>>> print(open('entry_24.cif').read())   # mmCIF, C-alpha atoms and all ligand atoms
data_upload
#
loop_
_atom_site.label_atom_id
_atom_site.label_comp_id
_atom_site.auth_asym_id
_atom_site.auth_seq_id
_atom_site.Cartn_x
_atom_site.Cartn_y
_atom_site.Cartn_z
CA MET M 1 109.82 105.14 127.69
CA LYS M 2 112.56 102.70 126.72
CA LYS M 3 114.08 103.31 123.29
CA HIS M 4 115.83 100.69 121.19
CA LEU M 5 117.59 101.25 117.91
CA LEU M 6 118.11 98.24 115.66
CA LEU M 7 120.71 98.67 112.91
CA GLY M 8 121.12 96.52 109.81
CA GLN M 9 119.63 96.10 106.36
CA THR M 10 115.97 97.10 106.55
CA LEU M 11 113.08 96.03 104.32
CA GLY M 12 109.51 97.26 104.52
CA PHE M 13 106.55 98.02 102.26
CA SER M 14 104.24 100.96 101.67
CA GLY M 15 101.86 99.22 99.26
CA ASP M 16 100.79 95.97 97.62
CA PRO M 17 103.37 94.63 95.11
CA PHE M 18 100.65 92.65 93.34
CA ILE M 19 98.88 95.91 92.45
CA ASN M 20 101.86 98.28 92.18
CA ASP M 21 105.32 97.81 90.73
CA TRP M 22 107.26 96.16 93.57
CA ALA M 23 110.08 98.66 93.05
CA ASP M 24 107.73 101.51 93.99
CA VAL M 25 106.40 100.00 97.21
CA ALA M 26 109.37 98.08 98.65
CA HIS M 27 111.66 100.19 100.83
CA TYR M 28 115.15 98.91 101.42
CA ALA M 29 118.16 100.44 103.14
CA ARG M 30 121.60 98.83 103.30
CA HIS M 31 122.44 100.78 106.46
CA GLY M 32 119.00 101.23 107.93
CA GLY M 33 117.69 101.73 111.42
CA VAL M 34 114.48 100.87 113.25
CA LEU M 35 113.70 102.98 116.28
CA ILE M 36 111.44 101.30 118.83
CA GLU M 37 109.74 103.33 121.54
CA GLY M 38 107.89 101.21 124.05
CA THR M 39 106.00 98.49 122.18
CA LYS M 40 105.94 100.23 118.79
CA ILE M 41 108.15 101.23 115.92
CA SER M 42 108.41 105.02 115.85
CA VAL M 43 110.79 105.57 112.91
CA VAL M 44 112.40 103.53 110.14
CA GLY M 45 115.19 105.43 108.45
CA ASP M 46 118.90 105.87 107.93
CA GLY M 47 120.79 104.08 110.70
CA ALA M 48 123.54 106.66 111.30
CA THR M 49 121.06 109.55 111.34
CA LEU M 50 118.82 107.78 113.86
CA ARG M 51 121.82 106.98 116.04
CA GLN M 52 122.81 110.63 116.09
CA ARG M 53 119.28 111.87 116.81
CA HIS M 54 118.59 109.35 119.55
CA PRO M 55 121.74 109.04 121.66
CA ASP M 56 119.59 107.71 124.52
CA ALA M 57 118.47 104.62 122.53
CA ILE M 58 119.94 101.21 123.35
CA VAL M 59 121.61 100.10 120.12
CA THR M 60 121.67 96.57 118.72
CA ASP M 61 123.78 96.41 115.58
CA TYR M 62 122.83 93.45 113.39
CA GLY M 63 125.45 94.28 110.76
CA ALA M 64 124.55 92.71 107.40
CA ALA M 65 121.49 90.87 108.69
CA LEU M 66 118.04 91.79 107.35
CA ILE M 67 115.54 93.48 109.66
CA SER M 68 111.95 92.75 108.58
CA ALA M 69 108.50 92.78 110.10
CA GLY M 70 107.90 89.47 111.86
CA PHE M 71 106.13 86.81 109.82
CA VAL M 72 102.35 86.46 110.03
CA ASP M 73 100.97 82.94 109.59
CA ALA M 74 97.34 83.40 108.54
CA HIS M 75 96.11 79.78 108.92
CA MET M 76 97.39 76.89 111.00
CA HIS M 77 96.23 74.22 113.43
CA TYR M 78 98.20 74.25 116.66
CA PRO M 79 96.60 70.96 117.80
CA GLN M 80 98.27 69.26 114.82
CA THR M 81 101.82 70.18 115.90
CA GLY M 82 102.43 66.70 117.29
CA MET M 83 101.39 64.86 114.11
CA ILE M 84 102.95 67.09 111.44
CA ALA M 85 104.51 65.07 108.60
CA SER M 86 102.22 62.03 108.84
CA TRP M 87 102.63 59.84 105.80
CA GLY M 88 100.60 58.80 102.83
CA LYS M 89 97.04 60.17 102.97
CA GLN M 90 94.99 62.77 101.16
CA LEU M 91 92.61 65.14 102.92
CA ILE M 92 89.63 63.10 104.13
CA GLU M 93 91.64 59.99 105.00
CA TRP M 94 94.34 62.19 106.52
CA LEU M 95 91.75 63.81 108.79
CA ASN M 96 90.28 60.47 109.85
CA THR M 97 93.56 58.59 110.26
CA TYR M 98 95.85 61.13 111.87
CA THR M 99 94.14 64.40 112.67
CA PHE M 100 90.98 63.50 114.55
CA PRO M 101 92.67 61.00 116.92
CA GLU M 102 95.29 63.64 117.76
CA GLU M 103 92.68 66.37 118.27
CA ALA M 104 90.75 64.07 120.64
CA ARG M 105 93.75 64.20 123.00
CA PHE M 106 92.94 67.88 123.62
CA ALA M 107 90.11 66.81 125.93
CA ASP M 108 92.95 66.98 128.46
CA PRO M 109 93.63 70.67 129.18
CA ALA M 110 97.17 69.89 130.37
CA TYR M 111 97.97 68.38 126.98
CA ALA M 112 96.50 71.43 125.26
CA GLN M 113 98.67 73.74 127.39
CA ASP M 114 101.77 71.74 126.60
CA VAL M 115 101.19 71.79 122.82
CA ALA M 116 100.09 75.45 122.81
CA GLY M 117 103.33 76.58 124.45
CA ARG M 118 105.42 74.32 122.26
CA THR M 119 103.74 75.59 119.09
CA LEU M 120 104.23 79.26 119.95
CA ASP M 121 107.89 78.66 120.79
CA LEU M 122 108.35 76.84 117.49
CA ALA M 123 106.67 79.72 115.68
CA LEU M 124 108.96 82.28 117.34
CA ALA M 125 112.03 80.19 116.58
CA HIS M 126 110.97 80.36 112.92
CA GLY M 127 110.45 84.13 112.99
CA THR M 128 106.65 83.97 113.10
CA THR M 129 105.37 86.64 115.46
CA THR M 130 101.62 86.21 114.81
CA LEU M 131 99.73 83.05 114.05
CA THR M 132 96.11 82.33 113.27
CA SER M 133 95.04 78.96 114.56
CA PHE M 134 92.18 76.54 114.62
CA CYS M 135 91.86 74.96 118.06
CA THR M 136 89.84 71.78 118.79
CA ILE M 137 86.19 71.43 119.77
CA HIS M 138 87.29 71.67 123.43
CA PRO M 139 86.91 75.20 124.83
CA ALA M 140 89.97 74.66 127.07
CA SER M 141 92.09 74.29 123.91
CA VAL M 142 91.25 77.92 123.09
CA ASP M 143 92.02 79.11 126.61
CA ALA M 144 95.35 77.27 126.44
CA LEU M 145 96.47 79.01 123.24
CA PHE M 146 95.36 82.52 124.18
CA ALA M 147 96.92 82.16 127.64
CA ALA M 148 100.21 80.94 126.16
CA ALA M 149 100.16 83.84 123.67
CA ALA M 150 99.50 86.37 126.46
CA THR M 151 102.53 85.20 128.44
CA ARG M 152 104.63 85.74 125.30
CA ASN M 153 102.88 89.02 124.44
CA MET M 154 102.08 87.65 120.97
CA ALA M 155 99.18 88.77 118.80
CA VAL M 156 97.30 85.55 118.10
CA VAL M 157 94.03 84.85 116.27
CA ALA M 158 92.19 81.67 117.26
CA GLY M 159 88.83 80.07 117.82
CA LYS M 160 87.08 76.90 118.95
CA THR M 161 86.74 74.51 116.02
CA CYS M 162 83.07 73.58 115.62
CA MET M 163 81.93 70.19 114.25
CA ASP M 164 78.55 68.55 114.79
CA ARG M 165 78.65 65.82 112.14
CA ASN M 166 81.02 63.60 110.16
CA ALA M 167 83.51 63.51 113.01
CA PRO M 168 84.13 60.95 115.78
CA ASP M 169 81.74 60.98 118.76
CA ASP M 170 84.33 62.51 121.06
CA LEU M 171 84.96 65.37 118.61
CA ARG M 172 81.39 66.53 118.04
CA ASP M 173 79.57 69.43 119.60
CA THR M 174 76.04 70.60 118.66
CA ALA M 175 74.69 73.71 116.97
CA GLN M 176 73.69 75.11 120.37
CA SER M 177 76.84 74.17 122.29
CA ALA M 178 79.04 75.49 119.45
CA TYR M 179 77.18 78.81 119.65
CA ASP M 180 77.26 78.94 123.46
CA ASP M 181 80.92 77.90 123.85
CA SER M 182 82.13 80.16 121.03
CA ARG M 183 80.21 83.06 122.50
CA ARG M 184 81.65 82.51 125.97
CA LEU M 185 85.15 82.25 124.55
CA LEU M 186 84.90 85.35 122.39
CA GLU M 187 83.51 87.32 125.34
CA ALA M 188 86.45 86.13 127.42
CA TRP M 189 89.21 86.70 124.87
CA HIS M 190 88.30 88.89 121.86
CA CYS M 191 90.31 92.14 121.89
CA LYS M 192 91.70 91.32 125.33
CA GLY M 193 95.37 92.29 125.13
CA ARG M 194 96.61 91.08 121.75
CA ALA M 195 94.01 88.32 121.29
CA THR M 196 91.57 88.25 118.39
CA TYR M 197 88.75 85.71 118.27
CA ALA M 198 87.85 83.93 115.03
CA ILE M 199 84.53 82.08 114.86
CA THR M 200 85.62 78.70 113.49
CA PRO M 201 83.38 76.21 111.69
CA ARG M 202 85.97 73.63 110.55
CA PHE M 203 84.45 73.22 107.04
CA SER M 204 80.95 72.64 105.79
CA PRO M 205 81.18 68.79 105.69
CA THR M 206 81.58 68.71 109.49
CA SER M 207 78.80 71.20 110.30
CA THR M 208 75.06 70.73 109.88
CA PRO M 209 73.12 73.61 108.32
CA ALA M 210 71.81 74.29 111.85
CA GLN M 211 75.35 74.74 113.16
CA LEU M 212 76.43 76.94 110.24
CA GLU M 213 73.34 79.07 110.82
CA ALA M 214 74.01 79.39 114.57
CA LEU M 215 77.60 80.50 113.88
CA GLY M 216 76.37 82.94 111.22
CA VAL M 217 74.10 84.49 113.85
CA LEU M 218 76.98 84.67 116.33
CA TRP M 219 79.15 86.45 113.73
CA ALA M 220 76.36 88.94 112.98
CA GLU M 221 76.11 89.61 116.72
CA ASN M 222 79.89 90.05 116.98
CA PRO M 223 80.95 91.60 113.66
CA THR M 224 84.44 92.62 114.81
CA CYS M 225 85.39 88.95 115.16
CA LEU M 226 87.07 87.20 112.28
CA MET M 227 85.60 83.97 110.87
CA GLN M 228 87.90 81.21 109.63
CA THR M 229 87.15 78.02 107.73
CA HIS M 230 88.27 75.90 104.75
CA LEU M 231 87.14 76.19 101.14
CA SER M 232 87.68 74.14 97.97
CA GLU M 233 90.83 72.29 98.95
CA GLN M 234 90.47 68.91 97.20
CA HIS M 235 88.20 67.47 94.53
CA PRO M 236 86.75 64.60 96.67
CA GLU M 237 85.98 67.16 99.42
CA ILE M 238 84.18 69.39 96.90
CA ALA M 239 82.14 66.41 95.64
CA TRP M 240 81.25 65.57 99.26
CA VAL M 241 80.06 69.14 99.87
CA LYS M 242 77.87 68.91 96.73
CA ASN M 243 76.31 65.77 98.12
CA LEU M 244 75.71 67.20 101.57
CA PHE M 245 74.30 70.51 100.28
CA PRO M 246 72.47 69.56 97.05
CA THR M 247 70.79 72.95 96.66
CA ALA M 248 73.95 75.05 97.15
CA ARG M 249 75.22 76.86 94.06
CA ASP M 250 78.81 75.96 94.95
CA TYR M 251 81.04 75.35 98.00
CA LEU M 252 81.15 79.04 98.99
CA ASP M 253 77.36 79.12 98.94
CA THR M 254 77.28 76.62 101.84
CA TYR M 255 78.79 79.44 103.92
CA GLU M 256 77.08 82.35 102.20
CA ALA M 257 73.60 80.88 102.73
CA TYR M 258 74.14 80.84 106.51
CA GLY M 259 75.71 84.28 107.05
CA LEU M 260 79.29 82.99 106.93
CA LEU M 261 80.53 85.06 103.99
CA GLY M 262 81.87 88.48 104.93
CA GLU M 263 84.71 90.93 104.78
CA ARG M 264 86.28 89.50 107.91
CA GLY M 265 86.07 85.95 106.58
CA LEU M 266 89.26 83.89 106.08
CA TYR M 267 88.88 81.01 103.62
CA GLY M 268 91.77 78.55 103.73
CA HIS M 269 93.08 76.98 100.49
CA ALA M 270 90.55 78.16 97.85
CA ILE M 271 92.29 76.19 95.12
CA HIS M 272 89.48 74.94 92.90
CA LEU M 273 87.17 77.95 92.84
CA GLU M 274 84.25 78.40 90.46
CA PRO M 275 84.08 81.82 88.75
CA ARG M 276 81.10 82.81 90.92
CA GLU M 277 83.03 82.03 94.09
CA THR M 278 85.97 84.20 93.03
CA LEU M 279 83.63 87.04 92.13
CA ARG M 280 81.72 86.89 95.40
CA LEU M 281 84.88 86.68 97.52
CA ALA M 282 86.25 89.76 95.73
CA GLU M 283 82.93 91.59 96.00
CA VAL M 284 82.67 91.21 99.77
CA GLY M 285 86.41 91.81 100.32
CA ALA M 286 86.95 88.44 102.02
CA ALA M 287 90.42 86.88 102.21
CA VAL M 288 91.64 83.60 100.84
CA ILE M 289 94.62 82.03 102.55
CA HIS M 290 97.25 80.25 100.48
CA CYS M 291 98.81 77.24 102.22
CA PRO M 292 101.36 75.99 99.70
CA THR M 293 103.32 73.35 101.67
CA SER M 294 100.01 71.80 102.70
CA ASN M 295 98.66 71.86 99.16
CA ALA M 296 101.71 69.93 97.97
CA PHE M 297 101.91 67.61 101.00
CA ILE M 298 98.23 66.54 101.03
CA GLY M 299 98.12 66.58 97.23
CA SER M 300 95.45 69.28 96.92
CA GLY M 301 96.40 71.25 93.81
CA LEU M 302 97.95 74.45 92.52
CA PHE M 303 96.63 77.73 93.95
CA ASP M 304 96.12 80.39 91.29
CA MET M 305 98.00 83.28 92.91
CA MET M 306 98.17 85.56 89.89
CA GLY M 307 94.61 84.86 88.74
CA LEU M 308 93.14 85.55 92.16
CA ALA M 309 95.34 88.61 92.80
CA THR M 310 94.27 90.00 89.43
CA ALA M 311 90.63 89.34 90.36
CA GLY M 312 91.22 91.66 93.33
CA LEU M 313 91.15 89.07 96.09
CA CYS M 314 92.85 89.70 99.39
CA ILE M 315 95.40 86.86 99.83
CA GLY M 316 97.19 85.76 102.98
CA LEU M 317 99.98 83.21 103.32
CA ALA M 318 100.07 80.37 105.83
CA THR M 319 101.75 77.16 106.92
CA ASP M 320 98.54 75.17 107.64
CA THR M 321 100.57 72.95 109.98
CA GLY M 322 100.15 69.99 110.43
CA GLY M 323 98.65 69.54 106.92
CA GLY M 324 101.48 71.87 106.00
CA SER M 325 104.89 70.30 106.35
CA SER M 326 106.85 73.16 107.88
CA PHE M 327 106.56 75.74 110.66
CA SER M 328 108.74 78.07 108.59
CA MET M 329 107.25 80.97 106.64
CA LEU M 330 110.52 80.97 104.65
CA ARG M 331 109.79 77.41 103.51
CA THR M 332 106.18 78.50 102.93
CA MET M 333 107.34 81.35 100.66
CA ALA M 334 109.55 78.85 98.81
CA ALA M 335 106.56 76.56 98.26
CA ALA M 336 104.46 79.51 97.06
CA TYR M 337 107.21 80.31 94.59
CA GLU M 338 107.33 76.68 93.38
CA ILE M 339 103.56 76.49 92.95
CA GLY M 340 103.68 79.82 91.11
CA GLN M 341 106.30 78.36 88.76
CA LEU M 342 104.13 75.29 88.13
CA ARG M 343 101.39 77.73 87.07
CA GLY M 344 103.79 79.74 84.92
CA ALA M 345 104.22 82.76 87.20
CA ALA M 346 107.48 83.51 89.02
CA LEU M 347 106.65 85.49 92.18
CA HIS M 348 109.21 88.18 92.93
CA PRO M 349 110.97 87.99 96.33
CA ALA M 350 109.31 91.33 97.17
CA GLN M 351 105.89 89.73 96.57
CA LEU M 352 106.82 86.71 98.70
CA MET M 353 108.09 88.82 101.61
CA TRP M 354 105.02 91.06 101.34
CA LEU M 355 102.66 88.07 101.44
CA ALA M 356 104.35 86.67 104.56
CA THR M 357 104.07 89.99 106.42
CA GLU M 358 101.79 92.74 105.09
CA GLY M 359 99.58 90.44 102.97
CA SER M 360 98.69 88.15 105.85
CA ALA M 361 98.22 91.14 108.17
CA LYS M 362 95.81 92.67 105.64
CA ALA M 363 93.85 89.41 105.46
CA LEU M 364 93.53 89.55 109.26
CA HIS M 365 92.42 93.22 109.14
CA MET M 366 95.53 94.21 111.10
CA SER M 367 97.30 96.28 108.44
CA GLY M 368 99.68 98.84 109.88
CA GLU M 369 99.59 97.11 113.26
CA ILE M 370 101.41 93.85 112.57
CA GLY M 371 103.50 92.67 109.63
CA HIS M 372 104.56 96.29 109.06
CA LEU M 373 108.09 97.68 109.37
CA GLY M 374 107.04 101.30 109.57
CA ALA M 375 106.10 104.02 112.03
CA GLY M 376 103.12 103.05 114.18
CA GLY M 377 103.53 99.31 113.66
CA MET M 378 103.92 97.05 116.67
CA ALA M 379 107.58 96.19 117.13
CA ASP M 380 107.14 92.52 116.18
CA ILE M 381 110.32 92.05 114.19
CA VAL M 382 112.46 89.25 112.75
CA ILE M 383 116.16 89.55 112.00
CA LEU M 384 117.29 87.24 109.22
CA ASP M 385 120.84 86.05 108.70
CA LEU M 386 121.17 85.97 104.90
CA ALA M 387 124.16 83.59 105.12
CA SER M 388 122.84 81.10 107.66
CA THR M 389 124.25 77.92 106.09
CA PRO M 390 127.30 77.31 103.91
CA ALA M 391 125.05 76.60 100.91
CA ILE M 392 123.13 79.85 101.33
CA ALA M 393 126.27 81.87 102.20
CA GLN M 394 128.13 80.88 99.04
CA ARG M 395 125.11 81.85 96.95
CA SER M 396 124.25 85.13 98.67
CA ALA M 397 127.94 86.17 98.52
CA ARG M 398 127.59 86.72 94.78
CA ALA M 399 124.31 88.67 95.03
CA ASP M 400 124.34 92.13 93.50
CA ASP M 401 121.16 93.47 95.08
CA ILE M 402 118.97 92.79 98.10
CA TRP M 403 116.53 90.61 96.15
CA ASP M 404 119.29 88.34 94.89
CA ALA M 405 120.63 88.25 98.45
CA VAL M 406 117.32 87.41 100.13
CA PHE M 407 116.00 84.90 97.57
CA PRO M 408 118.46 82.09 98.54
CA THR M 409 117.28 82.43 102.16
CA ILE M 410 113.64 82.31 101.02
CA MET M 411 114.29 79.18 98.97
CA MET M 412 116.77 77.36 101.23
CA GLY M 413 116.39 78.97 104.65
CA ASP M 414 114.81 77.65 107.83
CA ASP M 415 114.99 78.44 111.54
CA ARG M 416 118.78 78.68 111.30
CA ALA M 417 118.25 81.92 109.37
CA VAL M 418 116.31 83.46 112.25
CA GLN M 419 118.97 85.40 114.13
CA ASP M 420 116.67 87.24 116.48
CA VAL M 421 113.02 88.07 117.15
CA TRP M 422 111.41 91.06 118.87
CA ILE M 423 107.88 90.97 120.24
CA ALA M 424 106.09 94.21 121.15
CA GLY M 425 109.38 96.06 121.60
CA ARG M 426 111.15 93.37 123.59
CA ARG M 427 113.89 91.10 122.40
CA CYS M 428 112.59 87.59 122.61
CA ALA M 429 114.90 85.37 124.64
CA GLN M 430 113.64 82.07 123.31
CA PRO M 431 114.80 82.01 119.69
CA ALA M 432 118.16 83.64 120.33
CA LYS M 433 119.92 80.35 119.86
CA ASN M 434 121.98 81.88 117.12
CA PRO M 435 123.15 85.14 118.66
CA LYS M 436 125.25 86.79 116.03
CA ALA M 437 124.23 90.33 116.94
N1 LIG N 501 89.81 70.74 106.02
C1 LIG N 501 89.12 70.51 107.15
N2 LIG N 501 89.94 70.36 108.20
C2 LIG N 501 91.17 70.50 107.75
C3 LIG N 501 92.46 70.46 108.38
O1 LIG N 501 92.61 70.25 109.58
N3 LIG N 501 93.53 70.64 107.56
C4 LIG N 501 93.39 70.88 106.23
N4 LIG N 501 94.48 71.06 105.49
N5 LIG N 501 92.20 70.92 105.62
C5 LIG N 501 91.11 70.73 106.37
ZN ZN N 502 93.57 74.21 107.75
#
>>> encode(input="entry_24.cif", output="structure tokens", more="lines below")
Ligand code: GUN
Ligand code: ZN
Amino acid sequence: MKKHLLLGQTLGFSGDPFINDWADVAHYARHGGVLIEGTKISVVGDGATLRQRHPDAIVTDYGAALISAGFVDAHMHYPQTGMIASWGKQLIEWLNTYTFPEEARFADPAYAQDVAGRTLDLALAHGTTTLTSFCTIHPASVDALFAAAATRNMAVVAGKTCMDRNAPDDLRDTAQSAYDDSRRLLEAWHCKGRATYAITPRFSPTSTPAQLEALGVLWAENPTCLMQTHLSEQHPEIAWVKNLFPTARDYLDTYEAYGLLGERGLYGHAIHLEPRETLRLAEVGAAVIHCPTSNAFIGSGLFDMMGLATAGLCIGLATDTGGGSSFSMLRTMAAAYEIGQLRGAALHPAQLMWLATEGSAKALHMSGEIGHLGAGGMADIVILDLASTPAIAQRSARADDIWDAVFPTIMMGDDRAVQDVWIAGRRCAQPAKNPKA
């Protein structure tokens, strides 16, 4: 089995820095080493010691660069790659004006293949080794993403977006066809290679109760699948849900009533939660996914990171492109920090790095497998140059510990900071546009 030894600064986690003191669960080494055997990490330890013990390993010395688990984006929309950064609308108008017309183009499988490949290459160039995506209502859009992920050996979570009302004619399925198509797709892709299927009702305004119920049945029949949707993103959306579901106790209840609340549920945004919703999400162990650049860009509101973490919720971090305005999980961490500050809580760089790796992996029920720089984890790794621009370099030069050195890259970094990426034990050719190793 091929052995690789990566040398550099290493950073990994053995626990949740929102529950424990970050200093107890963050593990940093100035001269660390990551031994890869085959597709997995076998040891993380002292670089010189590993070099001595494994003279047969192929060594890549990254010097002062930071070796971390690859970033895990827990919620995005690959079909929106082409219309990211579209001006001037809030959620419902933004969907109708920009998003739905773009998603209609995915009726053409060749277009879907083109955007799927482009999106994954953009993700890799930004150090994202796993993404979780909504597709469109077209089954071929799901095939396109999973096929593109398989050729890159990437772990990807995705599902057919289901909508049978309040969407244009060419973007509507039915309760039955959503069930049938989703079932066919999950049978074709779920747990095949590195693919994970997520049953995907877009959000309750675009699904009839009959469709929500059909997808709840499908989830009960296939409980190892994830389920992804949106929850409590904007006030007009919440008012619309109230109108459409007059007997529901709250927004979450529109999912709960139809079997769409569960431990493997991923609820994007979750900004304006009622106390009952927070309690129920914590009780069932579901995950909420924070999408901070999107929340600022679409004007949704300020996610309550500390309140929800204290309530015991599982929280993932995500770009939500193209509602989100960046493919970069560094920029996403920066936005999470800024939203935290606006709510009076400064997230520590250890908490931000944990959210972008381990936290998202935990939300996806893939703890220890992805987002983890430790023995047994898949060797999906990002190497970050902590001096990638003159502005960042002059700031990190005066840092006196790793957190002060990494924080300028979190706040000001982008794809230029991504020096290298490894996927399943192989150096990824595509993003090595900045080969400093
Ligand atoms: N709610 C329903 N669909 C979407 C979407 O595509 N993006 C965002 N941000 N919110 C949504
Ligand atoms: Zn979304």
>>> closest_atom_pairs(input="entry_24.cif", of="region 349-403 of chain M", to="region 57-69 of chain M", cutoff="12 Å", atoms="all atoms listed in the file", output="Markdown table")
| residue | atom | partner | partner_atom | distance |
| --- | --- | --- | --- | --- |
| M:Ala350 | CA | M:Ser68 | CA | 11.8 |
| M:Met353 | CA | M:Ser68 | CA | 8.9 |
| M:Trp354 | CA | M:Ala69 | CA | 9.6 |
| M:Leu355 | CA | M:Ala69 | CA | 11.5 |
| M:Ala356 | CA | M:Ala69 | CA | 9.2 |
| M:Thr357 | CA | M:Ala69 | CA | 6.4 |
| M:Glu358 | CA | M:Ala69 | CA | 8.4 |
| M:Gly359 | CA | M:Ala69 | CA | 11.7 |
| M:Ser360 | CA | M:Ala69 | CA | 11.7 |
| M:Ala361 | CA | M:Ala69 | CA | 10.6 |
| M:Ser367 | CA | M:Ala69 | CA | 11.9 |
| M:Gly368 | CA | M:Ala69 | CA | 10.7 |
| M:Glu369 | CA | M:Ala69 | CA | 10.4 |
| M:Ile370 | CA | M:Ala69 | CA | 7.6 |
| M:Gly371 | CA | M:Ala69 | CA | 5.0 |
| M:His372 | CA | M:Ala69 | CA | 5.4 |
| M:Leu373 | CA | M:Ala69 | CA | 5.0 |
| M:Gly374 | CA | M:Ala69 | CA | 8.7 |
| M:Ala375 | CA | M:Ala69 | CA | 11.7 |
| M:Gly377 | CA | M:Ala69 | CA | 8.9 |
| M:Met378 | CA | M:Ala69 | CA | 9.1 |
| M:Ala379 | CA | M:Ala69 | CA | 7.9 |
| M:Asp380 | CA | M:Ala69 | CA | 6.2 |
| M:Ile381 | CA | M:Ala69 | CA | 4.5 |
| M:Val382 | CA | M:Ser68 | CA | 5.5 |
| M:Ile383 | CA | M:Ile67 | CA | 4.6 |
| M:Leu384 | CA | M:Leu66 | CA | 5.0 |
| M:Asp385 | CA | M:Ala65 | CA | 4.9 |
| M:Leu386 | CA | M:Ala65 | CA | 6.2 |
| M:Ala387 | CA | M:Ala65 | CA | 8.5 |
| M:Ser388 | CA | M:Ala65 | CA | 9.9 |
| M:Ser396 | CA | M:Ala64 | CA | 11.6 |
| M:Ala397 | CA | M:Ala64 | CA | 11.5 |
| M:Ile402 | CA | M:Leu66 | CA | 9.4 |
| M:Trp403 | CA | M:Leu66 | CA | 11.4 |
>>> atom_distance(input="entry_24.cif", atom1="CA of Val288 (chain M)", atom2="atom N1 of ligand LIG 501 (chain N)")
14.0 Å
>>> residues_near_ligand(input="entry_24.cif", ligand="ligand LIG 501 (chain N)", cutoff="8 Å", atoms="only C-alpha atoms and all ligand atoms", output="PDB file with C-alpha atoms, in the frame of the given file")
ATOM      1  CA  HIS M  77      96.230  74.220 113.430  1.00  0.00           C
ATOM      2  CA  GLN M  80      98.270  69.260 114.820  1.00  0.00           C
ATOM      3  CA  LEU M  91      92.610  65.140 102.920  1.00  0.00           C
ATOM      4  CA  ILE M  92      89.630  63.100 104.130  1.00  0.00           C
ATOM      5  CA  LEU M  95      91.750  63.810 108.790  1.00  0.00           C
ATOM      6  CA  THR M  99      94.140  64.400 112.670  1.00  0.00           C
ATOM      7  CA  ARG M 202      85.970  73.630 110.550  1.00  0.00           C
ATOM      8  CA  PHE M 203      84.450  73.220 107.040  1.00  0.00           C
ATOM      9  CA  THR M 229      87.150  78.020 107.730  1.00  0.00           C
ATOM     10  CA  HIS M 230      88.270  75.900 104.750  1.00  0.00           C
ATOM     11  CA  LEU M 231      87.140  76.190 101.140  1.00  0.00           C
ATOM     12  CA  GLU M 233      90.830  72.290  98.950  1.00  0.00           C
ATOM     13  CA  GLY M 268      91.770  78.550 103.730  1.00  0.00           C
ATOM     14  CA  HIS M 269      93.080  76.980 100.490  1.00  0.00           C
ATOM     15  CA  SER M 294     100.010  71.800 102.700  1.00  0.00           C
ATOM     16  CA  ASN M 295      98.660  71.860  99.160  1.00  0.00           C
ATOM     17  CA  ILE M 298      98.230  66.540 101.030  1.00  0.00           C
ATOM     18  CA  ASP M 320      98.540  75.170 107.640  1.00  0.00           C
ATOM     19  CA  THR M 321     100.570  72.950 109.980  1.00  0.00           C
ATOM     20  CA  GLY M 322     100.150  69.990 110.430  1.00  0.00           C
ATOM     21  CA  GLY M 323      98.650  69.540 106.920  1.00  0.00           C
ATOM     22  CA  GLY M 324     101.480  71.870 106.000  1.00  0.00           C
TER      23      GLY M 324
END
>>> closest_residue(input="entry_24.cif", among="M:Gln234, M:Val115, M:Ala417, M:Asn96", to="Pro168 (chain M)", atoms="all atoms listed in the file")
M:Asn96
>>> atom_distance(input="entry_24.cif", atom1="CA of Ala239 (chain M)", atom2="CA of Ser86 (chain M)")
24.4 Å
>>> residues_around(input="entry_24.cif", residues="region 161-166 of chain M", least_positions_apart="2", cutoff="6 Å", atoms="all atoms listed in the file", output="JSON, numbers by chain")
{"M": [134, 135, 136, 137, 172, 173, 174, 178, 200, 201, 202, 206, 207]}
>>> residues_near_point(input="entry_24.cif", point="(95.3, 83.5, 98.1)", cutoff="8 Å", atoms="all atoms listed in the file", output="PyMOL selection string")
chain M and resi 269-270+287-290+303-305+308-309+313-317
>>> atom_distance(input="entry_24.cif", atom1="CA of Thr319 (chain M)", atom2="CA of Thr254 (chain M)")
25.0 Å
>>> closest_residue(input="entry_24.cif", among="M:Glu283, M:Glu256, M:Glu263, M:Asp73", to="ligand ZN 502 (chain N)", atoms="only C-alpha atoms and all ligand atoms")
M:Asp73
>>> axis_aligned_box(input="entry_24.cif", around="region 149-168 of chain M", padding_each_side="4 Å", output="lines of an AutoDock Vina configuration file")
center_x = 91.6
center_y = 75.0
center_z = 119.3
size_x = 34.1
size_y = 36.1
size_z = 26.3
>>> residues_around(input="entry_24.cif", residues="region 100-113 of chain M", least_positions_apart="3", cutoff="8 Å", atoms="only C-alpha atoms", output="PyMOL selection string")
chain M and resi 79-80+82-83+95-97+116-117+136+138+140-141+144-145+148+167-168+170-171
>>> closest_residue(input="entry_24.cif", among="M:Lys40, M:Lys89, M:Arg343, M:His75", to="ligand ZN 502 (chain N)", atoms="all atoms listed in the file")
M:His75
